[in-house]
$ cat coords.txt   # compact mmCIF, C-alpha atoms
# COMPACT_ATOMS: atom_id res chain seq x y z
CA MET A 24 2.28 25.04 -14.87
CA THR A 25 3.11 23.26 -18.10
CA ASP A 26 0.25 22.01 -20.26
CA TYR A 27 0.67 18.49 -21.66
CA LEU A 28 -0.77 16.63 -24.60
CA ILE A 29 -0.13 12.91 -24.24
CA THR A 30 -0.80 11.25 -27.57
CA GLY A 31 -1.62 7.65 -28.42
CA ALA A 32 -1.75 6.26 -24.88
CA ASP A 33 -3.59 2.99 -24.34
CA VAL A 34 -6.03 4.08 -21.63
CA LEU A 35 -6.45 1.30 -19.03
CA GLY A 36 -5.10 -1.04 -21.70
CA ARG A 37 -8.49 -0.88 -23.41
CA GLY A 38 -8.10 1.59 -26.26
CA ARG A 39 -5.90 4.41 -27.51
CA ALA A 40 -6.73 8.04 -26.85
CA ASP A 41 -5.06 11.41 -26.34
CA ILE A 42 -4.88 12.82 -22.81
CA ALA A 43 -4.65 16.54 -22.13
CA ILE A 44 -3.53 18.18 -18.88
CA SER A 45 -3.90 21.84 -17.98
CA ASP A 46 -3.73 23.62 -14.61
CA GLY A 47 -3.39 20.33 -12.77
CA ALA A 48 -6.50 18.69 -14.26
CA PHE A 49 -7.53 16.53 -17.20
CA VAL A 50 -9.15 18.61 -19.91
CA ASP A 51 -10.59 18.21 -23.38
CA PRO A 52 -7.62 18.27 -25.79
CA ASP A 53 -9.40 20.94 -27.82
CA LEU A 54 -9.27 23.28 -24.81
CA LEU A 55 -5.49 23.20 -24.38
CA GLY A 56 -3.63 26.46 -24.69
CA PRO A 57 -1.00 27.08 -27.37
CA ASP A 58 2.18 25.02 -27.50
CA PRO A 59 1.58 22.32 -24.91
CA GLU A 60 4.41 19.87 -24.26
CA VAL A 61 3.65 16.85 -26.43
CA ILE A 62 4.50 13.38 -25.16
CA ASP A 63 4.31 10.49 -27.60
CA ALA A 64 2.83 7.65 -25.53
CA THR A 65 2.53 5.14 -28.35
CA GLY A 66 2.95 1.69 -26.83
CA LEU A 67 2.39 2.95 -23.28
CA ILE A 68 -0.49 2.19 -20.91
CA ALA A 69 -2.16 5.09 -19.08
CA LEU A 70 -3.59 4.44 -15.61
CA PRO A 71 -4.78 6.77 -12.88
CA GLY A 72 -2.02 7.47 -10.38
CA LEU A 73 -1.57 4.59 -7.96
CA VAL A 74 -2.77 4.79 -4.35
CA ASP A 75 -1.05 2.83 -1.57
CA MET A 76 -3.08 2.18 1.58
CA HIS A 77 -0.14 0.73 3.45
CA THR A 78 3.35 2.17 3.58
CA HIS A 79 5.93 2.97 6.24
CA LEU A 80 7.73 6.28 5.78
CA ARG A 81 9.47 6.03 9.20
CA GLU A 82 9.56 9.78 9.85
CA PRO A 83 9.45 11.12 12.54
CA GLY A 84 12.08 9.30 14.56
CA LYS A 85 13.48 6.67 12.22
CA GLU A 86 14.98 8.83 9.50
CA ASP A 87 17.99 6.54 9.14
CA ALA A 88 15.66 4.01 7.47
CA GLU A 89 13.44 6.39 5.46
CA THR A 90 12.13 9.95 5.42
CA VAL A 91 8.91 11.36 4.07
CA LEU A 92 10.95 12.91 1.26
CA THR A 93 12.81 9.75 0.25
CA GLY A 94 9.63 7.70 0.60
CA SER A 95 7.73 10.23 -1.52
CA ARG A 96 10.36 10.06 -4.23
CA SER A 97 10.19 6.26 -4.10
CA ALA A 98 6.42 6.46 -4.45
CA ALA A 99 6.63 8.72 -7.51
CA ALA A 100 9.16 6.36 -9.10
CA GLY A 101 6.68 3.52 -8.58
CA GLY A 102 3.75 5.40 -10.12
CA TYR A 103 2.08 6.33 -6.82
CA THR A 104 0.40 9.71 -6.47
CA CYS A 105 -1.00 9.04 -3.00
CA VAL A 106 0.37 6.98 -0.13
CA HIS A 107 -0.96 6.36 3.37
CA ALA A 108 1.75 6.41 6.02
CA MET A 109 1.45 3.97 8.91
CA ALA A 110 1.52 5.19 12.49
CA ASN A 111 4.47 3.21 13.93
CA THR A 112 6.84 6.16 13.97
CA ALA A 113 8.72 7.59 16.97
CA PRO A 114 6.78 9.26 18.45
CA VAL A 115 3.80 7.18 17.40
CA ALA A 116 1.26 9.00 15.24
CA ASP A 117 -1.40 8.86 17.95
CA THR A 118 -2.10 12.59 18.34
CA ALA A 119 -3.22 15.42 16.12
CA GLY A 120 0.21 17.00 16.43
CA VAL A 121 2.13 14.04 15.02
CA VAL A 122 -0.24 13.33 12.11
CA GLU A 123 -0.18 17.00 11.18
CA GLN A 124 3.64 16.88 11.17
CA VAL A 125 3.60 13.94 8.73
CA HIS A 126 0.96 15.67 6.62
CA ARG A 127 3.04 18.85 6.35
CA LEU A 128 6.22 16.94 5.56
CA GLY A 129 4.39 15.25 2.70
CA ARG A 130 3.12 18.54 1.31
CA SER A 131 6.59 20.03 1.52
CA ALA A 132 8.13 17.06 -0.27
CA GLY A 133 5.76 17.53 -3.22
CA PHE A 134 6.26 14.20 -5.03
CA THR A 135 3.11 12.40 -3.91
CA GLU A 136 0.20 13.01 -1.58
CA VAL A 137 1.08 11.72 1.89
CA VAL A 138 -1.93 10.85 4.05
CA PRO A 139 -1.17 9.89 7.66
CA ILE A 140 -2.79 6.85 9.22
CA GLY A 141 -3.49 7.38 12.91
CA ALA A 142 -2.83 4.84 15.63
CA VAL A 143 -5.83 3.06 17.12
CA THR A 144 -4.31 2.94 20.61
CA ILE A 145 -1.98 5.21 22.53
CA GLY A 146 1.62 4.24 21.83
CA LEU A 147 0.41 1.16 19.91
CA GLU A 148 0.15 -0.46 23.34
CA GLY A 149 -3.36 -1.85 22.95
CA ARG A 150 -4.60 -0.45 26.26
CA GLN A 151 -6.42 2.80 25.57
CA LEU A 152 -7.89 4.40 22.45
CA ALA A 153 -5.78 7.17 20.92
CA GLU A 154 -7.15 10.61 20.05
CA LEU A 155 -9.17 9.34 17.08
CA GLY A 156 -11.55 12.27 16.98
CA ALA A 157 -8.80 14.88 17.33
CA MET A 158 -6.83 13.28 14.49
CA ALA A 159 -9.96 13.15 12.33
CA ARG A 160 -10.61 16.86 12.96
CA SER A 161 -6.97 17.87 12.47
CA GLU A 162 -5.44 19.48 9.41
CA ALA A 163 -4.47 15.96 8.31
CA ARG A 164 -8.15 14.82 8.34
CA VAL A 165 -7.23 11.25 9.26
CA ARG A 166 -9.82 8.65 8.28
CA ILE A 167 -7.83 5.40 8.51
CA PHE A 168 -6.57 4.12 11.87
CA SER A 169 -4.26 1.18 12.45
CA ASP A 170 -1.78 -0.20 14.98
CA ASP A 171 -0.16 -2.02 12.05
CA GLY A 172 2.70 -4.20 13.17
CA ILE A 173 0.70 -4.91 16.32
CA CYS A 174 -2.77 -6.41 16.47
CA VAL A 175 -5.56 -4.71 18.38
CA SER A 176 -6.10 -8.00 20.20
CA ASP A 177 -8.52 -6.82 22.92
CA PRO A 178 -12.01 -7.44 21.50
CA LEU A 179 -13.67 -4.79 23.67
CA LEU A 180 -11.13 -2.17 22.59
CA MET A 181 -11.59 -3.18 18.95
CA ARG A 182 -15.35 -2.85 19.31
CA ARG A 183 -15.00 0.62 20.83
CA ALA A 184 -12.66 1.71 18.02
CA LEU A 185 -15.13 0.52 15.36
CA GLU A 186 -17.95 2.35 17.12
CA TYR A 187 -15.95 5.56 17.43
CA VAL A 188 -14.83 5.85 13.80
CA LYS A 189 -18.33 5.10 12.55
CA THR A 190 -19.33 8.61 13.65
CA PHE A 191 -17.17 10.17 10.90
CA ASP A 192 -17.13 7.27 8.39
CA GLY A 193 -13.64 6.23 9.39
CA VAL A 194 -11.99 2.84 8.92
CA ILE A 195 -10.10 0.57 11.30
CA ALA A 196 -7.32 -1.26 9.47
CA GLN A 197 -6.42 -4.36 11.43
CA HIS A 198 -3.10 -6.20 11.57
CA ALA A 199 -4.58 -9.65 12.14
CA GLN A 200 -2.25 -11.53 14.48
CA GLU A 201 -3.34 -13.24 17.67
CA PRO A 202 -0.32 -12.50 19.90
CA ARG A 203 -0.62 -15.56 22.14
CA LEU A 204 -0.42 -17.85 19.12
CA THR A 205 2.64 -16.14 17.62
CA GLU A 206 4.98 -15.59 20.55
CA GLY A 207 8.54 -15.91 19.25
CA ALA A 208 7.33 -16.79 15.74
CA GLN A 209 9.98 -16.51 13.02
CA MET A 210 8.19 -17.82 9.92
CA ASN A 211 5.07 -19.60 8.70
CA GLU A 212 4.19 -22.67 10.74
CA GLY A 213 4.32 -25.71 8.48
CA VAL A 214 6.60 -28.29 6.93
CA VAL A 215 9.45 -25.85 6.31
CA SER A 216 9.45 -24.42 9.83
CA ALA A 217 9.49 -27.93 11.26
CA GLU A 218 12.43 -28.93 9.07
CA LEU A 219 14.37 -25.75 9.88
CA GLY A 220 13.58 -25.83 13.58
CA LEU A 221 12.21 -22.26 13.58
CA PRO A 222 9.23 -21.23 15.73
CA GLY A 223 6.19 -21.15 13.49
CA TRP A 224 3.35 -18.67 12.98
CA PRO A 225 0.16 -20.64 12.33
CA ALA A 226 -2.35 -19.45 9.77
CA VAL A 227 -5.07 -19.63 12.43
CA ALA A 228 -3.41 -16.74 14.29
CA GLU A 229 -4.41 -14.49 11.40
CA GLU A 230 -7.70 -16.14 10.58
CA SER A 231 -9.10 -16.12 14.12
CA ILE A 232 -8.66 -12.34 14.43
CA ILE A 233 -10.25 -11.72 11.03
CA ALA A 234 -13.22 -13.92 11.97
CA ARG A 235 -13.68 -12.07 15.25
CA ASP A 236 -13.35 -8.64 13.68
CA VAL A 237 -15.76 -9.17 10.79
CA LEU A 238 -18.35 -10.23 13.34
CA LEU A 239 -17.63 -7.13 15.41
CA ALA A 240 -17.86 -4.93 12.32
CA GLU A 241 -21.19 -6.54 11.42
CA HIS A 242 -22.50 -6.03 14.95
CA VAL A 243 -21.44 -2.40 15.08
CA GLY A 244 -22.21 -1.60 11.44
CA SER A 245 -18.80 -0.07 10.90
CA ARG A 246 -16.06 -0.24 8.25
CA LEU A 247 -13.20 -2.70 8.69
CA HIS A 248 -10.12 -3.13 6.52
CA ILE A 249 -7.87 -6.19 6.80
CA CYS A 250 -4.20 -5.46 6.20
CA HIS A 251 -1.92 -7.82 4.25
CA VAL A 252 -4.11 -10.94 4.05
CA SER A 253 -1.77 -13.90 3.69
CA THR A 254 -3.65 -17.22 4.01
CA ALA A 255 -6.23 -19.19 2.08
CA GLY A 256 -8.35 -19.42 5.23
CA SER A 257 -8.36 -15.65 5.58
CA VAL A 258 -9.64 -15.37 2.01
CA ASP A 259 -12.50 -17.73 2.84
CA ILE A 260 -13.50 -15.67 5.88
CA VAL A 261 -13.42 -12.38 3.98
CA ARG A 262 -15.46 -13.90 1.17
CA TRP A 263 -18.03 -15.19 3.68
CA ALA A 264 -18.21 -11.82 5.44
CA LYS A 265 -18.80 -9.99 2.16
CA SER A 266 -21.59 -12.44 1.28
CA ARG A 267 -23.30 -11.32 4.51
CA GLY A 268 -22.97 -7.66 3.63
CA VAL A 269 -20.30 -6.86 6.22
CA GLN A 270 -18.47 -3.61 5.41
CA VAL A 271 -15.07 -5.30 5.12
CA THR A 272 -12.28 -4.70 2.61
CA ALA A 273 -8.98 -6.52 2.31
CA GLU A 274 -5.54 -6.01 0.86
CA VAL A 275 -2.74 -8.25 -0.31
CA THR A 276 0.92 -7.37 -0.80
CA PRO A 277 2.92 -8.04 -3.95
CA HIS A 278 5.30 -10.27 -2.03
CA HIS A 279 2.50 -12.49 -0.70
CA LEU A 280 1.33 -12.91 -4.30
CA MET A 281 4.75 -14.11 -5.46
CA LEU A 282 6.87 -15.67 -2.72
CA THR A 283 6.54 -18.73 -0.48
CA ASP A 284 8.06 -19.96 2.77
CA GLU A 285 10.37 -22.24 0.78
CA LEU A 286 12.65 -19.19 0.40
CA VAL A 287 13.30 -19.19 4.14
CA ARG A 288 15.49 -22.25 3.58
CA THR A 289 18.15 -19.77 2.42
CA PHE A 290 18.06 -18.02 5.82
CA ASP A 291 18.37 -14.75 3.90
CA PRO A 292 16.69 -12.19 6.21
CA VAL A 293 15.34 -10.27 3.20
CA TYR A 294 12.57 -12.90 3.24
CA LYS A 295 11.63 -12.24 6.88
CA VAL A 296 8.35 -10.35 6.91
CA ASN A 297 5.22 -9.82 8.98
CA PRO A 298 2.93 -11.66 8.26
CA PRO A 299 5.31 -14.35 7.06
CA LEU A 300 5.57 -15.79 3.59
CA ARG A 301 3.13 -18.68 3.37
CA THR A 302 2.72 -21.78 1.16
CA GLN A 303 2.07 -22.13 -2.56
CA ARG A 304 -1.52 -23.06 -1.74
CA ASP A 305 -1.94 -19.72 0.02
CA VAL A 306 -0.31 -17.82 -2.85
CA THR A 307 -2.73 -19.41 -5.33
CA ALA A 308 -5.72 -18.58 -3.13
CA LEU A 309 -4.60 -14.97 -2.82
CA ARG A 310 -4.20 -14.60 -6.58
CA GLU A 311 -7.64 -16.08 -7.20
CA ALA A 312 -9.17 -13.78 -4.57
CA LEU A 313 -7.57 -10.72 -6.16
CA ALA A 314 -8.88 -11.78 -9.56
CA ASP A 315 -12.46 -12.40 -8.35
CA GLY A 316 -12.66 -9.23 -6.24
CA THR A 317 -12.67 -10.82 -2.79
CA ILE A 318 -9.44 -8.95 -2.11
CA ASP A 319 -9.99 -5.30 -2.92
CA VAL A 320 -6.58 -3.68 -3.09
CA ILE A 321 -2.84 -4.09 -3.38
CA GLY A 322 -1.03 -2.59 -0.40
CA THR A 323 2.74 -2.55 -0.62
CA ASP A 324 3.53 -2.68 3.13
CA HIS A 325 6.70 -0.83 2.08
CA ALA A 326 8.92 -1.30 5.14
CA PRO A 327 12.47 0.03 4.75
CA HIS A 328 15.13 -0.95 7.27
CA THR A 329 18.75 -0.03 7.71
CA ALA A 330 21.39 -2.65 6.92
CA GLU A 331 22.16 -2.74 10.65
CA HIS A 332 18.66 -3.97 11.44
CA LYS A 333 18.09 -6.19 8.41
CA CYS A 334 21.44 -7.70 7.47
CA SER A 335 22.01 -9.99 10.45
CA GLU A 336 21.31 -13.55 11.49
CA TRP A 337 17.73 -14.59 10.83
CA SER A 338 16.46 -14.53 14.41
CA ALA A 339 17.72 -10.99 15.06
CA ALA A 340 16.74 -9.45 11.72
CA ALA A 341 13.88 -6.96 11.47
CA MET A 342 10.72 -7.99 9.65
CA GLY A 343 9.77 -6.15 6.49
CA MET A 344 10.38 -5.54 2.79
CA VAL A 345 10.45 -2.48 0.56
CA GLY A 346 8.21 -2.47 -2.47
CA MET A 347 6.69 0.76 -3.78
CA GLU A 348 9.01 0.99 -6.79
CA THR A 349 8.46 -2.61 -7.84
CA ALA A 350 4.83 -3.22 -6.83
CA LEU A 351 3.20 -2.75 -10.22
CA PRO A 352 5.68 -4.86 -12.23
CA ILE A 353 5.45 -7.63 -9.61
CA VAL A 354 1.63 -7.64 -9.68
CA VAL A 355 1.74 -7.91 -13.48
CA GLU A 356 4.03 -10.95 -13.18
CA ALA A 357 1.97 -12.56 -10.41
CA MET A 358 -1.33 -12.26 -12.31
CA ARG A 359 -0.18 -13.29 -15.81
CA ASP A 360 -2.06 -16.59 -15.71
CA TYR A 361 -5.34 -14.95 -14.72
CA ASP A 362 -7.96 -12.90 -16.54
CA PHE A 363 -6.50 -9.73 -15.08
CA ASP A 364 -5.73 -6.80 -17.34
CA PHE A 365 -4.48 -3.26 -16.79
CA GLY A 366 -8.02 -2.12 -16.09
CA ASP A 367 -8.05 -4.57 -13.19
CA ILE A 368 -4.69 -3.24 -12.02
CA ALA A 369 -6.17 0.26 -12.05
CA ARG A 370 -9.05 -1.04 -9.94
CA VAL A 371 -6.94 -2.67 -7.22
CA MET A 372 -4.02 -0.24 -7.21
CA SER A 373 -5.83 3.07 -7.70
CA GLN A 374 -9.61 3.19 -7.85
CA ALA A 375 -10.52 0.88 -4.95
CA PRO A 376 -7.93 2.23 -2.49
CA ALA A 377 -8.92 5.80 -3.38
CA ARG A 378 -12.56 4.96 -2.73
CA ILE A 379 -11.90 3.15 0.56
CA THR A 380 -9.67 5.87 1.96
CA GLY A 381 -11.59 8.83 0.58
CA ALA A 382 -8.55 10.00 -1.39
CA THR A 383 -10.33 12.59 -3.49
CA GLY A 384 -8.38 13.65 -6.54
CA HIS A 385 -7.15 10.12 -7.25
CA GLY A 386 -8.39 7.10 -9.17
CA SER A 387 -9.94 8.81 -12.20
CA LEU A 388 -8.87 9.81 -15.71
CA GLU A 389 -12.14 11.60 -16.45
CA THR A 390 -12.16 15.13 -17.85
CA GLY A 391 -12.18 17.58 -14.95
CA ALA A 392 -10.50 15.19 -12.50
CA SER A 393 -7.17 16.02 -10.92
CA ALA A 394 -4.33 15.00 -13.23
CA ASN A 395 -2.82 12.15 -11.25
CA LEU A 396 -1.56 9.74 -13.88
CA VAL A 397 1.01 7.03 -14.49
CA LEU A 398 2.34 5.83 -17.85
CA ILE A 399 3.59 2.28 -18.10
CA ASP A 400 5.64 0.44 -20.69
CA PRO A 401 4.40 -3.17 -20.72
CA ASN A 402 7.28 -4.28 -22.93
CA ALA A 403 10.36 -3.03 -21.12
CA PRO A 404 12.25 -6.03 -19.71
CA HIS A 405 14.64 -5.04 -16.95
CA THR A 406 16.28 -6.46 -13.85
CA ILE A 407 15.30 -5.19 -10.41
CA VAL A 408 18.33 -3.52 -8.80
CA PRO A 409 17.54 -2.15 -5.30
CA ALA A 410 20.66 0.03 -5.28
CA ASP A 411 19.10 2.08 -8.09
CA HIS A 412 15.94 2.87 -6.13
CA ALA A 413 14.97 6.17 -4.51
CA THR A 414 14.05 4.59 -1.19
CA LYS A 415 16.72 4.35 1.49
CA GLY A 416 15.74 0.71 2.00
CA ARG A 417 17.61 -1.99 0.12
CA ASN A 418 15.63 -4.89 1.58
CA ASN A 419 13.78 -5.78 -1.63
CA PRO A 420 13.14 -9.54 -1.97
CA PHE A 421 12.93 -9.26 -5.77
CA ALA A 422 16.53 -8.16 -6.31
CA GLY A 423 17.85 -9.74 -9.50
CA LEU A 424 14.41 -10.68 -10.83
CA GLU A 425 13.70 -9.77 -14.46
CA VAL A 426 10.31 -8.16 -15.00
CA ALA A 427 8.64 -7.02 -18.20
CA THR A 428 6.87 -3.84 -17.08
CA ALA A 429 8.37 -0.42 -16.30
CA ILE A 430 6.92 2.84 -14.99
CA THR A 431 7.98 5.63 -17.34
CA ASP A 432 6.10 8.74 -16.21
CA THR A 433 4.17 9.94 -13.17
CA PHE A 434 2.06 13.10 -13.15
CA PHE A 435 1.20 14.46 -9.71
CA TYR A 436 -1.58 17.04 -9.87
CA GLY A 437 -0.45 17.85 -13.39
CA HIS A 438 3.27 18.09 -12.63
CA ARG A 439 5.56 15.52 -14.23
CA VAL A 440 7.50 14.19 -11.22
CA LEU A 441 8.83 11.19 -13.17
CA ALA A 442 9.84 11.65 -16.82
CA ASP A 443 11.12 8.78 -18.94
CA GLY A 444 11.93 6.82 -15.82
CA GLU A 445 13.85 9.60 -14.08
CA LEU A 446 12.66 11.65 -11.10
CA THR A 447 12.40 15.35 -11.83
CA THR A 448 11.36 18.06 -9.39
CA PRO A 449 8.63 18.38 -6.75
CA HIS A 450 5.35 20.04 -7.56
CA PRO A 451 6.13 23.75 -8.11
CA ALA A 452 3.20 24.89 -5.96
CA GLY A 453 4.92 23.48 -2.89
CA ALA A 454 2.69 23.09 0.13
CA SER A 455 -0.33 24.53 -1.67
CA TRP A 456 -0.40 22.08 -4.59
CA THR A 457 -3.82 20.68 -3.62
CA GLU A 458 -5.28 24.14 -4.06
CA GLN A 459 -4.20 24.39 -7.68
$ encode --input "coords.txt" --output "structure tokens"
Amino acid sequence: MTDYLITGADVLGRGRADIAISDGAFVDPDLLGPDPEVIDATGLIALPGLVDMHTHLREPGKEDAETVLTGSRSAAAGGYTCVHAMANTAPVADTAGVVEQVHRLGRSAGFTEVVPIGAVTIGLEGRQLAELGAMARSEARVRIFSDDGICVSDPLLMRRALEYVKTFDGVIAQHAQEPRLTEGAQMNEGVVSAELGLPGWPAVAEESIIARDVLLAEHVGSRLHICHVSTAGSVDIVRWAKSRGVQVTAEVTPHHLMLTDELVRTFDPVYKVNPPLRTQRDVTALREALADGTIDVIGTDHAPHTAEHKCSEWSAAAMGMVGMETALPIVVEAMRDYDFDFGDIARVMSQAPARITGATGHGSLETGASANLVLIDPNAPHTIVPADHATKGRNNPFAGLEVATAITDTFFYGHRVLADGELTTPHPAGASWTEQ
């Protein structure tokens, strides 16, 4: 593999230094072999490769919307060196066989590490626990389990899931949505839904499940992760649970940090998402919670759809937005008015998700660590154009928005998969790259 000497990078936005890469790891620059490839990173920020706890790669079964390969390329373009693929595929990732298939597809793609998330219940049906132990023991070594898109609404089943994964330090990632309170819901319940005459999704439908589950996690002594927190009330509950020492972590999406339900007035289905866009009060609460550490991570909830399923009348359109390639620039924009620097971005987009998921090899720029790295130009104004993205999905709600930050380079286990903003080639070690 090529050795690299990256000169003049601003590491975490907190000071310039040279970064050396050899044999897939960070090394002391003095130990580089002869004639490394030199990259002048003057003016660029160096962060550990990003880690996404929440993405939908659609394969197997929904390859018309996305594949592991196209999703992996999208991840690399967005600065991600590890992504966790949700279980709502076809077939559902509820057995060792399916999660191993996703795992192998990710290794073959070679643009980012793909870690499958296993389903909590068989078929996402909420009736019987899936093969949690078998998935944990499989080649994929699954540690995160979620029925994302569907809430594990049965409290006894949720308790049993928390008890089961505790035996191998696993995590249940809950999609907090009380189904009886959201039947037929099309958007956030509030002033806008009333004016538009659309069935509303009340904030309490999310908050009541989070309140129940943090109490269950406290009772069991197990780890709980709350997916895509979207309301101010949810923030209050998570903050309270953490003050009690509950092992709970939470994520927020870039779109919930930026967009409000006022956009639904356009009836553009690109703004239809699950959970729905909320109010400005909620957006402010989410930003403050990210800044003060109540919310631990950014999860993209990257959800590509075909035009057939997304570009229709509002009521029939699928819920979801793409976002891996624009997540970091959007977070920068959302947090400009807060004391939130690139070191904080590294914390919520790399270090914390790597720690929560056990993604060894990610989240560090220390000498000896695996060389998973992203370089960012903080002064590169450009307009978001979904048609230019590597993902198959075009349902990006930020189309046409001008942002100031661009991802220029991504190094995946020492291989430069993104160079000067252009995707290159997969890791040359192929399926054995983690052994390098």
$ atom_distance --input "coords.txt" --atom1 "atom CA of Asp411 of chain A" --atom2 "atom CA of Glu348 of chain A"
10.2 Å
$ closest_residue --input "coords.txt" --among "A:Ala429, A:Ile318, A:Ala369, A:Ile379" --to "Pro401 of chain A" --atoms "all atoms listed in the file"
A:Ala429
$ residues_around --input "coords.txt" --residues "Val397 of chain A" --least-positions-apart "2" --cutoff "7 Å" --atoms "only C-alpha atoms" --output "number ranges by chain"
A: 69-72, 102, 399, 432-434
$ atom_distance --input "coords.txt" --atom1 "atom CA of His325 of chain A" --atom2 "atom CA of His248 of chain A"
17.5 Å
$ atom_distance --input "coords.txt" --atom1 "atom CA of Gly94 of chain A" --atom2 "atom CA of Pro409 of chain A"
13.9 Å
$ closest_atom_pairs --input "coords.txt" --of "segment 73-107 of chain A" --to "segment 120-130 of chain A" --cutoff "8 Å" --atoms "only C-alpha atoms" --output "CSV"
residue,atom,partner,partner_atom,distance
A:Glu82,CA,A:Val125,CA,7.4
A:Pro83,CA,A:Val125,CA,7.5
A:Val91,CA,A:Gly129,CA,6.1
A:Leu92,CA,A:Gly129,CA,7.1
A:Ser95,CA,A:Gly129,CA,7.4
$ write_last_selection --input "coords.txt" --atoms "C-alpha atoms" --output "PDB file, in the coordinates of the input"
ATOM      1  CA  GLU A  82       9.560   9.780   9.850  1.00  0.00           C
ATOM      2  CA  PRO A  83       9.450  11.120  12.540  1.00  0.00           C
ATOM      3  CA  VAL A  91       8.910  11.360   4.070  1.00  0.00           C
ATOM      4  CA  LEU A  92      10.950  12.910   1.260  1.00  0.00           C
ATOM      5  CA  SER A  95       7.730  10.230  -1.520  1.00  0.00           C
TER       6      SER A  95
END
$ residues_around --input "coords.txt" --residues "His251 of chain A" --least-positions-apart "3" --cutoff "6 Å" --atoms "only C-alpha atoms" --output "list of chain:residue names"
A:Glu274, A:Val275, A:Thr276
$ closest_residue --input "coords.txt" --among "A:Thr349, A:Ser245, A:Thr428, A:Thr289" --to "Leu219 of chain A" --atoms "all atoms listed in the file"
A:Thr289
$ closest_residue --input "coords.txt" --among "A:Asp315, A:Asp26, A:Asp364, A:Glu445" --to "Asp51 of chain A" --atoms "only C-alpha atoms"
A:Asp26
$ closest_residue --input "coords.txt" --among "A:Thr390, A:Thr431, A:Thr135, A:Thr414" --to "Phe49 of chain A" --atoms "only C-alpha atoms"
A:Thr390
$ residues_around --input "coords.txt" --residues "Met210 of chain A" --least-positions-apart "2" --cutoff "12 Å" --atoms "all atoms listed in the file" --output "CSV table (one decimal) with C-alpha atoms, in the frame of the given file"
chain,number,residue,atom,x,y,z
A,205,THR,CA,2.6,-16.1,17.6
A,206,GLU,CA,5.0,-15.6,20.6
A,207,GLY,CA,8.5,-15.9,19.2
A,208,ALA,CA,7.3,-16.8,15.7
A,212,GLU,CA,4.2,-22.7,10.7
A,213,GLY,CA,4.3,-25.7,8.5
A,214,VAL,CA,6.6,-28.3,6.9
A,215,VAL,CA,9.4,-25.8,6.3
A,216,SER,CA,9.4,-24.4,9.8
A,217,ALA,CA,9.5,-27.9,11.3
A,218,GLU,CA,12.4,-28.9,9.1
A,219,LEU,CA,14.4,-25.8,9.9
A,220,GLY,CA,13.6,-25.8,13.6
A,221,LEU,CA,12.2,-22.3,13.6
A,222,PRO,CA,9.2,-21.2,15.7
A,223,GLY,CA,6.2,-21.2,13.5
A,224,TRP,CA,3.4,-18.7,13.0
A,225,PRO,CA,0.2,-20.6,12.3
A,226,ALA,CA,-2.4,-19.4,9.8
A,283,THR,CA,6.5,-18.7,-0.5
A,284,ASP,CA,8.1,-20.0,2.8
A,285,GLU,CA,10.4,-22.2,0.8
A,286,LEU,CA,12.6,-19.2,0.4
A,287,VAL,CA,13.3,-19.2,4.1
A,288,ARG,CA,15.5,-22.2,3.6
A,290,PHE,CA,18.1,-18.0,5.8
A,292,PRO,CA,16.7,-12.2,6.2
A,294,TYR,CA,12.6,-12.9,3.2
A,295,LYS,CA,11.6,-12.2,6.9
A,296,VAL,CA,8.4,-10.4,6.9
A,297,ASN,CA,5.2,-9.8,9.0
A,298,PRO,CA,2.9,-11.7,8.3
A,299,PRO,CA,5.3,-14.4,7.1
A,300,LEU,CA,5.6,-15.8,3.6
A,301,ARG,CA,3.1,-18.7,3.4
A,302,THR,CA,2.7,-21.8,1.2
A,337,TRP,CA,17.7,-14.6,10.8
A,338,SER,CA,16.5,-14.5,14.4
A,342,MET,CA,10.7,-8.0,9.6
$ residues_around --input "coords.txt" --residues "Ile62 of chain A" --least-positions-apart "5" --cutoff "7 Å" --atoms "all atoms listed in the file" --output "JSON, numbers by chain"
{"A": [28, 29, 30]}
$ residues_around --input "coords.txt" --residues "Val237 of chain A" --least-positions-apart "6" --cutoff "10 Å" --atoms "all atoms listed in the file" --output "MDAnalysis selection string"
chainID A and resid 243:249 260:261 263:265 269:272
$ closest_residue --input "coords.txt" --among "A:Gln200, A:Asn418, A:Asn402, A:Gln151" --to "Gly66 of chain A" --atoms "all atoms listed in the file"
A:Asn402
$ residues_near_point --input "coords.txt" --point "(-5.4, -20.4, 1.4)" --cutoff "10 Å" --atoms "only C-alpha atoms" --output "PyMOL selection string"
chain A and resi 226+252-259+301-312
$ write_last_selection --input "coords.txt" --atoms "C-alpha atoms" --output "compact mmCIF listing (two decimals), in the frame of the given file"
# COMPACT_ATOMS: atom_id res chain seq x y z
CA ALA A 226 -2.35 -19.45 9.77
CA VAL A 252 -4.11 -10.94 4.05
CA SER A 253 -1.77 -13.90 3.69
CA THR A 254 -3.65 -17.22 4.01
CA ALA A 255 -6.23 -19.19 2.08
CA GLY A 256 -8.35 -19.42 5.23
CA SER A 257 -8.36 -15.65 5.58
CA VAL A 258 -9.64 -15.37 2.01
CA ASP A 259 -12.50 -17.73 2.84
CA ARG A 301 3.13 -18.68 3.37
CA THR A 302 2.72 -21.78 1.16
CA GLN A 303 2.07 -22.13 -2.56
CA ARG A 304 -1.52 -23.06 -1.74
CA ASP A 305 -1.94 -19.72 0.02
CA VAL A 306 -0.31 -17.82 -2.85
CA THR A 307 -2.73 -19.41 -5.33
CA ALA A 308 -5.72 -18.58 -3.13
CA LEU A 309 -4.60 -14.97 -2.82
CA ARG A 310 -4.20 -14.60 -6.58
CA GLU A 311 -7.64 -16.08 -7.20
CA ALA A 312 -9.17 -13.78 -4.57
